[in-house]
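Okay, work_12.cif now, which holds mmCIF, C-alpha atoms:
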```
data_my_file
#
loop_
_atom_site.group_PDB
_atom_site.id
_atom_site.type_symbol
_atom_site.label_atom_id
_atom_site.label_comp_id
_atom_site.auth_asym_id
_atom_site.auth_seq_id
_atom_site.Cartn_x
_atom_site.Cartn_y
_atom_site.Cartn_z
ATOM 1 C CA MET E 2 22.730 -21.433 -19.049
ATOM 2 C CA ALA E 3 19.234 -21.244 -20.525
ATOM 3 C CA LEU E 4 17.770 -22.701 -17.310
ATOM 4 C CA LEU E 5 19.429 -19.994 -15.217
ATOM 5 C CA ALA E 6 18.186 -17.286 -17.579
ATOM 6 C CA ARG E 7 14.597 -18.579 -17.286
ATOM 7 C CA GLN E 8 14.838 -18.653 -13.495
ATOM 8 C CA ASP E 9 16.112 -15.063 -13.480
ATOM 9 C CA ASP E 10 13.215 -14.011 -15.754
ATOM 10 C CA ARG E 11 10.691 -15.699 -13.421
ATOM 11 C CA GLN E 12 12.190 -13.997 -10.381
ATOM 12 C CA ARG E 13 12.043 -10.579 -12.065
ATOM 13 C CA THR E 14 8.449 -11.167 -13.148
ATOM 14 C CA ALA E 15 7.477 -12.268 -9.635
ATOM 15 C CA LYS E 16 9.037 -9.124 -8.177
ATOM 16 C CA ARG E 17 7.134 -6.917 -10.631
ATOM 17 C CA THR E 18 3.783 -8.613 -10.014
ATOM 18 C CA ALA E 19 4.115 -8.687 -6.213
ATOM 19 C CA MET E 20 1.827 -6.081 -4.724
ATOM 20 C CA ALA E 21 1.068 -4.980 -1.221
ATOM 21 C CA LYS E 22 -2.112 -6.609 0.074
ATOM 22 C CA THR E 23 -4.764 -4.436 1.650
ATOM 23 C CA SER E 24 -5.483 -7.297 4.059
ATOM 24 C CA ASP E 25 -2.011 -6.708 5.575
ATOM 25 C CA TYR E 26 -3.010 -3.185 6.680
ATOM 26 C CA ARG E 27 -5.371 -1.770 9.275
ATOM 27 C CA ILE E 28 -7.355 1.103 7.746
ATOM 28 C CA VAL E 29 -8.840 3.737 10.048
ATOM 29 C CA THR E 30 -10.820 6.631 8.603
ATOM 30 C CA PHE E 31 -11.172 9.996 10.277
ATOM 31 C CA GLN E 32 -12.911 13.263 9.548
ATOM 32 C CA ARG E 33 -10.455 16.163 9.475
ATOM 33 C CA GLN E 34 -13.199 18.745 9.080
ATOM 34 C CA PRO E 35 -16.898 18.419 8.260
ATOM 35 C CA GLY E 36 -17.019 16.756 4.841
ATOM 36 C CA LEU E 37 -13.263 16.094 4.598
ATOM 37 C CA TRP E 38 -12.163 12.503 5.240
ATOM 38 C CA ARG E 39 -8.787 10.804 5.247
ATOM 39 C CA ALA E 40 -7.615 7.290 6.020
ATOM 40 C CA ASN E 41 -4.657 6.063 8.043
ATOM 41 C CA MET E 42 -3.045 2.769 6.981
ATOM 42 C CA THR E 43 -0.878 0.814 9.408
ATOM 43 C CA PRO E 44 0.775 -2.531 8.621
ATOM 44 C CA ILE E 45 -0.695 -5.338 10.721
ATOM 45 C CA VAL E 46 2.374 -7.534 10.391
ATOM 46 C CA GLN E 47 5.640 -6.298 11.883
ATOM 47 C CA PRO E 48 8.383 -5.634 10.899
ATOM 48 C CA ALA E 49 6.919 -2.800 8.883
ATOM 49 C CA THR E 50 7.152 -2.543 5.113
ATOM 50 C CA ILE E 51 10.547 -1.288 3.989
ATOM 51 C CA THR E 52 10.660 1.395 1.288
ATOM 52 C CA ARG E 53 13.943 2.951 0.177
ATOM 53 C CA GLY E 54 15.601 1.739 3.365
ATOM 54 C CA ASP E 55 13.064 3.323 5.721
ATOM 55 C CA ALA E 56 10.478 1.382 7.727
ATOM 56 C CA ILE E 57 6.879 2.416 7.127
ATOM 57 C CA ARG E 58 4.971 2.308 10.392
ATOM 58 C CA GLY E 59 1.841 3.896 8.966
ATOM 59 C CA PHE E 60 0.748 6.609 6.589
ATOM 60 C CA VAL E 61 -2.219 8.796 5.741
ATOM 61 C CA THR E 62 -3.911 9.308 2.380
ATOM 62 C CA ALA E 63 -2.436 12.309 0.592
ATOM 63 C CA GLU E 64 -5.685 14.097 -0.217
ATOM 64 C CA ASP E 65 -9.024 14.703 1.450
ATOM 65 C CA SER E 66 -12.022 12.643 0.339
ATOM 66 C CA LYS E 67 -15.641 13.773 0.300
ATOM 67 C CA SER E 68 -16.903 10.696 2.150
ATOM 68 C CA GLU E 69 -15.675 7.963 4.442
ATOM 69 C CA GLU E 70 -16.160 5.388 1.657
ATOM 70 C CA ASP E 71 -14.042 7.467 -0.728
ATOM 71 C CA ALA E 72 -11.301 7.661 1.921
ATOM 72 C CA VAL E 73 -11.286 3.843 2.182
ATOM 73 C CA ILE E 74 -11.040 3.563 -1.617
ATOM 74 C CA ALA E 75 -8.118 6.017 -1.588
ATOM 75 C CA ALA E 76 -6.452 3.925 1.145
ATOM 76 C CA HIS E 77 -6.744 0.747 -0.926
ATOM 77 C CA ARG E 78 -5.277 2.569 -3.928
ATOM 78 C CA ALA E 79 -2.359 3.923 -1.851
ATOM 79 C CA ILE E 80 -1.571 0.444 -0.509
ATOM 80 C CA ARG E 81 -1.562 -1.054 -4.009
ATOM 81 C CA GLU E 82 0.842 1.693 -5.147
ATOM 82 C CA LEU E 83 3.397 0.894 -2.432
ATOM 83 C CA ASP E 84 5.141 -1.728 -4.556
ATOM 84 C CA GLY E 85 4.406 -0.055 -7.877
#
```

As structure tokens, what does this structure read like?
Amino acid sequence: MALLARQDDRQRTAKRTAMAKTSDYRIVTFQRQPGLWRANMTPIVQPATITRGDAIRGFVTAEDSKSEEDAVIAAHRAIRELDG
């Protein structure tokens, strides 16, 4: 019994620590208006990431960034939050 409990604990811990990898996504930045940047993230590997039963084919950062570099940083943050 104790062995099964430890295996269950390891599986739960592994699920909690598993995070989406930014290397699994293609990040494309674009300028919506002068000085307002966003980033589009699309999974490289198909099938797409599944969240709440829906397939994610790609998504855009929620807020505008002041620079292209800031948009890329926001994209990396959004990808990390997928599994969080």

To verify the selection step, state as a VMD selection string which residues the PyMOL selection byres ((chain E and resi 35) around 12) yields on this input. chain E and resid 31 to 34 36 to 39 65 to 69

Point-to-point distance in Å for atom CA of E:Ala21 and atom CA of E:Ile74: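 According to the coordinates, atom CA of E:Ile74 and atom CA of E:Ala21 are separated by 14.8 Å.
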
Env of E:His77: 12 Å cut, atoms = all atoms listed in the file, seq-sep filter 2 positions within chain, self excluded. Answer as a ChimeraX atom specification. /E:20-30,39-43,61-62,70-75,79-83
